[in-house]
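Beneath this line is the structure, given in structure tokens, with notes to follow.
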Amino acid sequence: MNNKPIVNPYLAVLVGVFAVSFSALFVRLTTAPALIIATYRLLFTFLILSPYALFRHRSDLLALSWKQRGLAAASGVCLAMHLVTWFISLRYTSIASSVVLVTTQPVFVVIGSWIFFRERVSRLAMLGGALALGGSVIIGAADFQIGREALIGDLLALSAAILVSGYLLIGRRLRGGISLPVYTFYTYGSSALVLVCASLATSTPFAPYPPRDWIVFLALALVCTVIGHTVFNWVLRYVQASVVSVSVLGEPLGAILWASIFLREYPTVRQAIGAGFIFGGLFIFTRFSTSTLKVPASTHGAPKEC
């Protein structure tokens with residue numbers, strides 16, 4: 001296989017950050033319940049990506065053990081819960097607070113890595129994590145003065161960060177032995193199935209919704225998930241994980257910019273201060289944690305076959 005990338009990986013990172021930065025804005029533009037938004041996002045993503053896995057990786061799909069399939073399903077459940085929790089948070093608090101708080105997930109990933117994988121973290125990384133969590137407290141305190149609902153939204157956003165950390169930790173363990181198309185087939189498939197079942201169980205209507213909502217559902221799947229997340233996974237073959245981790249910090253900046261332009265929703269001074277602590281802390285955290293973690297080689301590179 002030719003190891004030379006077909007496009008500049010650093011340009012691809014910028015494309016990925018640009019794509020995922022629209023997520024919060026798209027959610028705000030819909031009238032549908034958060035559960036339905038998450039359901040269609042994952043369902044459409046699965047339908048877009050599954051034909052490739054079925055035709056090019058059918059033998060690999062069948063070769064997976066039941067344990068691997070179960071772990072992929074668990075990863076999908078975490079992803080489903082993350083999306084629903086985060087989308088609900090956007091109904092309660094500002095885009096600025098929500099996306100910045102969700103970005104704290106690297107801290108929870110490393111905490112989970114320490115608990116489950118016994119991976120060591122440097123003191124500088126812990127300092128960065130403390131600064132990031134301190135910024136979360138500043139945002140929460142600022143939003144508490146705005147109203148109780150804003151604080152609830154902040155707590156939901158932090159919960160979403162913890163849930164996506166579970167998704168990443170399980171995926172990281174699984175990706176050591178299976179390719180990206182196989183992993184996403186089972187993970188996105190189980191996530192979509194869980195969300196469809198949850199919608200049916202709660203009698204949440206699948207239709208009718210205005211045409212704009214359907215456009216947004218498709219955009220969330222195609223732009224934010226297929227392009228954004230897939231690009232990040234592809235880029236890991238050519239650049240260090242720390243580069244991607246730090247670059248993803250640009251997502252909240254993009255989300256805040258789109259909210260300011262399209263929704264006239266501007267961050268407050270205290271939110272900006274809290275965001276500054278979080279961005280600074282996460283920069284230090286990702287810079288000094290990646291060098292101490294014993295990450296499997298497959299998480300730093302592309303899948304064996306893609």
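Residues are referred to by chain and number: the chain letter is A, B, ... according to the order shown in the structure tokens, the number counts from 1 in that chain, and ligands are numbered separately from 1 in the order shown.
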Could you write out, as JSON, numbers by chain, all the residues of region 78-295 of chain A that DSSP marks as alpha helix (DSSP H)? {"A": [78, 79, 80, 81, 82, 83, 84, 85, 86, 87, 88, 89, 90, 91, 92, 95, 96, 97, 98, 99, 100, 101, 102, 105, 106, 107, 108, 109, 110, 111, 112, 113, 114, 115, 116, 117, 123, 124, 125, 126, 127, 128, 129, 130, 131, 132, 133, 134, 135, 136, 137, 138, 139, 140, 141, 142, 143, 144, 145, 146, 148, 149, 150, 151, 152, 153, 154, 155, 156, 157, 158, 159, 160, 161, 162, 163, 164, 165, 166, 167, 168, 169, 170, 171, 172, 173, 174, 180, 181, 182, 183, 184, 185, 186, 187, 188, 189, 190, 191, 192, 193, 194, 195, 196, 197, 198, 199, 200, 201, 211, 212, 213, 214, 215, 216, 217, 218, 219, 230, 231, 232, 233, 234, 235, 241, 242, 243, 244, 245, 246, 247, 250, 251, 252, 253, 254, 255, 256, 257, 258, 259, 260, 261, 262, 269, 270, 271, 272, 273, 274, 275, 276, 277, 278, 279, 280, 281, 282, 283, 284, 285, 286, 287, 288, 289]}
Counting only C-alpha atoms, give me one row per residue of region 44-90 of chain A with an atom at most 9 Å from an atom of region 212-230 of chain A, showing the shortest contact pair and its distance in Å to one decimal, sorted by chain then residue number, as CSV.
residue,atom,partner,partner_atom,distance
A:Phe44,CA,A:Ala221,CA,5.9
A:Thr45,CA,A:Ala221,CA,4.9
A:Phe46,CA,A:Ala221,CA,8.7
A:Ile48,CA,A:Leu222,CA,8.0
A:Leu49,CA,A:Val226,CA,7.8
Need to verify the contact set: region 253-269 of chain A, 8 Å, only C-alpha atoms, exclusion of same-chain residues closer than 5 positions in sequence. Can you return it as a PyMOL selection string? chain A and resi 18+21-25+94-96+99
Write the residues you've just listed into a file as a PDB file, in the first residue's frame, and include N, CA and C atoms for each of them.
ATOM      1  N   PHE A  18     -13.471  22.238  10.391  1.00  0.00           N
ATOM      2  CA  PHE A  18     -14.492  23.070   9.766  1.00  0.00           C
ATOM      3  C   PHE A  18     -15.826  22.327   9.697  1.00  0.00           C
ATOM      4  N   SER A  21     -17.519  21.757  13.219  1.00  0.00           N
ATOM      5  CA  SER A  21     -17.891  22.992  13.914  1.00  0.00           C
ATOM      6  C   SER A  21     -19.328  23.416  13.646  1.00  0.00           C
ATOM      7  N   PHE A  22     -19.965  22.816  12.643  1.00  0.00           N
ATOM      8  CA  PHE A  22     -21.343  23.162  12.317  1.00  0.00           C
ATOM      9  C   PHE A  22     -22.370  22.391  13.143  1.00  0.00           C
ATOM     10  N   SER A  23     -21.943  21.404  13.910  1.00  0.00           N
ATOM     11  CA  SER A  23     -22.884  20.521  14.612  1.00  0.00           C
ATOM     12  C   SER A  23     -23.879  21.285  15.475  1.00  0.00           C
ATOM     13  N   ALA A  24     -23.367  22.130  16.362  1.00  0.00           N
ATOM     14  CA  ALA A  24     -24.240  22.848  17.291  1.00  0.00           C
ATOM     15  C   ALA A  24     -25.212  23.756  16.549  1.00  0.00           C
ATOM     16  N   LEU A  25     -24.726  24.448  15.526  1.00  0.00           N
ATOM     17  CA  LEU A  25     -25.603  25.328  14.750  1.00  0.00           C
ATOM     18  C   LEU A  25     -26.706  24.529  14.078  1.00  0.00           C
ATOM     19  N   SER A  94     -26.238  28.131  26.215  1.00  0.00           N
ATOM     20  CA  SER A  94     -25.742  28.728  24.982  1.00  0.00           C
ATOM     21  C   SER A  94     -24.835  27.760  24.230  1.00  0.00           C
ATOM     22  N   ILE A  95     -24.692  27.996  22.927  1.00  0.00           N
ATOM     23  CA  ILE A  95     -23.774  27.188  22.118  1.00  0.00           C
ATOM     24  C   ILE A  95     -22.353  27.319  22.661  1.00  0.00           C
ATOM     25  N   ALA A  96     -21.975  28.538  23.055  1.00  0.00           N
ATOM     26  CA  ALA A  96     -20.626  28.761  23.571  1.00  0.00           C
ATOM     27  C   ALA A  96     -20.335  27.866  24.769  1.00  0.00           C
ATOM     28  N   VAL A  99     -20.569  23.767  23.712  1.00  0.00           N
ATOM     29  CA  VAL A  99     -19.495  23.169  22.912  1.00  0.00           C
ATOM     30  C   VAL A  99     -18.158  23.227  23.633  1.00  0.00           C
TER      31      VAL A  99
END
Shell of 10 Å around Gln105 (chain A), only C-alpha atoms, local chain residues under 4 positions omitted, as a PyMOL selection string: chain A and resi 100-101+109-111+158-166+168+282
Writing out the chosen residues with C-alpha atoms as a PDB file, in the first residue's frame:
ATOM      1  CA  VAL A 100     -16.659  24.376  25.137  1.00  0.00           C
ATOM      2  CA  LEU A 101     -17.706  22.067  27.971  1.00  0.00           C
ATOM      3  CA  VAL A 109     -10.449  10.018  28.385  1.00  0.00           C
ATOM      4  CA  VAL A 110      -7.127  10.148  30.215  1.00  0.00           C
ATOM      5  CA  ILE A 111      -8.816   9.714  33.599  1.00  0.00           C
ATOM      6  CA  LEU A 158     -20.250  17.815  30.856  1.00  0.00           C
ATOM      7  CA  SER A 159     -22.175  14.539  30.998  1.00  0.00           C
ATOM      8  CA  ALA A 160     -21.958  14.369  27.209  1.00  0.00           C
ATOM      9  CA  ALA A 161     -18.181  14.813  27.481  1.00  0.00           C
ATOM     10  CA  ILE A 162     -17.970  11.878  29.895  1.00  0.00           C
ATOM     11  CA  LEU A 163     -20.159   9.699  27.655  1.00  0.00           C
ATOM     12  CA  VAL A 164     -18.118  10.377  24.529  1.00  0.00           C
ATOM     13  CA  SER A 165     -15.034   9.495  26.549  1.00  0.00           C
ATOM     14  CA  GLY A 166     -16.501   6.026  27.069  1.00  0.00           C
ATOM     15  CA  LEU A 168     -13.462   6.747  22.625  1.00  0.00           C
ATOM     16  CA  LEU A 282      -6.504  21.446  27.179  1.00  0.00           C
TER      17      LEU A 282
END
Shell around Ala130 (chain A) at 10 Å using only C-alpha atoms, local window under 2 positions removed, as a PyMOL selection string: chain A and resi 107+124-128+132-136+277-278+281-282+285
Preceding selection exported with C-alpha atoms as a compact mmCIF listing (two decimals), in the first residue's frame:
# COMPACT_ATOMS: atom_id res chain seq x y z
CA VAL A 107 -9.49 15.04 30.33
CA LEU A 124 2.03 19.05 33.67
CA ALA A 125 -0.80 17.15 32.00
CA MET A 126 -2.67 16.99 35.31
CA LEU A 127 -2.14 20.74 35.74
CA GLY A 128 -3.62 21.32 32.30
CA ALA A 132 -9.64 22.98 31.96
CA LEU A 133 -11.98 21.74 34.69
CA GLY A 134 -11.53 25.05 36.50
CA GLY A 135 -12.70 26.79 33.36
CA SER A 136 -15.78 24.56 33.41
CA PHE A 277 -9.01 28.51 30.91
CA ILE A 278 -10.39 25.44 29.15
CA GLY A 281 -5.66 23.83 30.01
CA LEU A 282 -6.50 21.45 27.18
CA PHE A 285 -3.05 18.68 28.76
So that I can check the surroundings of Val84 (chain A), please list as a list in words every protein, DNA and RNA residue that reaches within 7 Å of it, counting only C-alpha atoms and ignoring chain neighbours fewer than 3 positions away. Ala34, Leu35, Ala38, Ala80, Met81, Phe87 and Ile88 of chain A
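Across the structure, CA of Ser113 (chain A) and CA of Ile273 (chain A) are spaced 28.9 Å apart.
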Using 12 Å as the limit and counting only C-alpha atoms, can you tabulate each residue of region 135-177 of chain A that touches region 50-71 of chain A, with its shortest atom-to-atom distance in Å and the two atoms involved, as a tab-separated table?
residue	atom	partner	partner_atom	distance
A:Gly166	CA	A:Leu71	CA	11.0
A:Tyr167	CA	A:Leu71	CA	9.8
A:Leu168	CA	A:Leu71	CA	11.6
A:Leu169	CA	A:Leu71	CA	10.6
A:Ile170	CA	A:Leu71	CA	6.8
A:Gly171	CA	A:Leu71	CA	8.2
A:Arg172	CA	A:Leu71	CA	10.8
A:Arg173	CA	A:Leu71	CA	9.1
A:Leu174	CA	A:Gln68	CA	7.0
A:Arg175	CA	A:Gln68	CA	10.0
A:Gly176	CA	A:Gln68	CA	11.0
A:Gly177	CA	A:Gln68	CA	9.2
Would you save the residues from that selection as an mmCIF file, in the first residue's frame, using C-alpha atoms?
data_model
loop_
_atom_site.group_PDB
_atom_site.id
_atom_site.type_symbol
_atom_site.label_atom_id
_atom_site.label_comp_id
_atom_site.auth_asym_id
_atom_site.auth_seq_id
_atom_site.Cartn_x
_atom_site.Cartn_y
_atom_site.Cartn_z
ATOM 1 C CA GLY A 166 -16.501 6.026 27.069
ATOM 2 C CA TYR A 167 -17.078 5.770 23.333
ATOM 3 C CA LEU A 168 -13.462 6.747 22.625
ATOM 4 C CA LEU A 169 -11.944 4.465 25.275
ATOM 5 C CA ILE A 170 -13.812 1.402 24.038
ATOM 6 C CA GLY A 171 -13.072 2.293 20.442
ATOM 7 C CA ARG A 172 -9.411 2.755 21.195
ATOM 8 C CA ARG A 173 -9.187 -0.739 22.653
ATOM 9 C CA LEU A 174 -11.110 -2.274 19.750
ATOM 10 C CA ARG A 175 -9.308 -0.472 16.937
ATOM 11 C CA GLY A 176 -6.120 -2.364 17.750
ATOM 12 C CA GLY A 177 -7.530 -5.420 15.998
#
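Proximity to Trp86 (chain A) was assessed for A:Val27, A:Leu131, A:Leu195, A:Val231 counting only C-alpha atoms; the smallest distance is recorded for A:Val27.
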If you count only C-alpha atoms, which residues fall within 6 Å of Gly274 (chain A), apart from same-chain ones fewer than 2 positions away, as a PyMOL selection string? chain A and resi 135+138-139+271-272+276-277
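Interatomic distance, CA of Leu193 (chain A) against CA of Pro252 (chain A): 28.8 Å.
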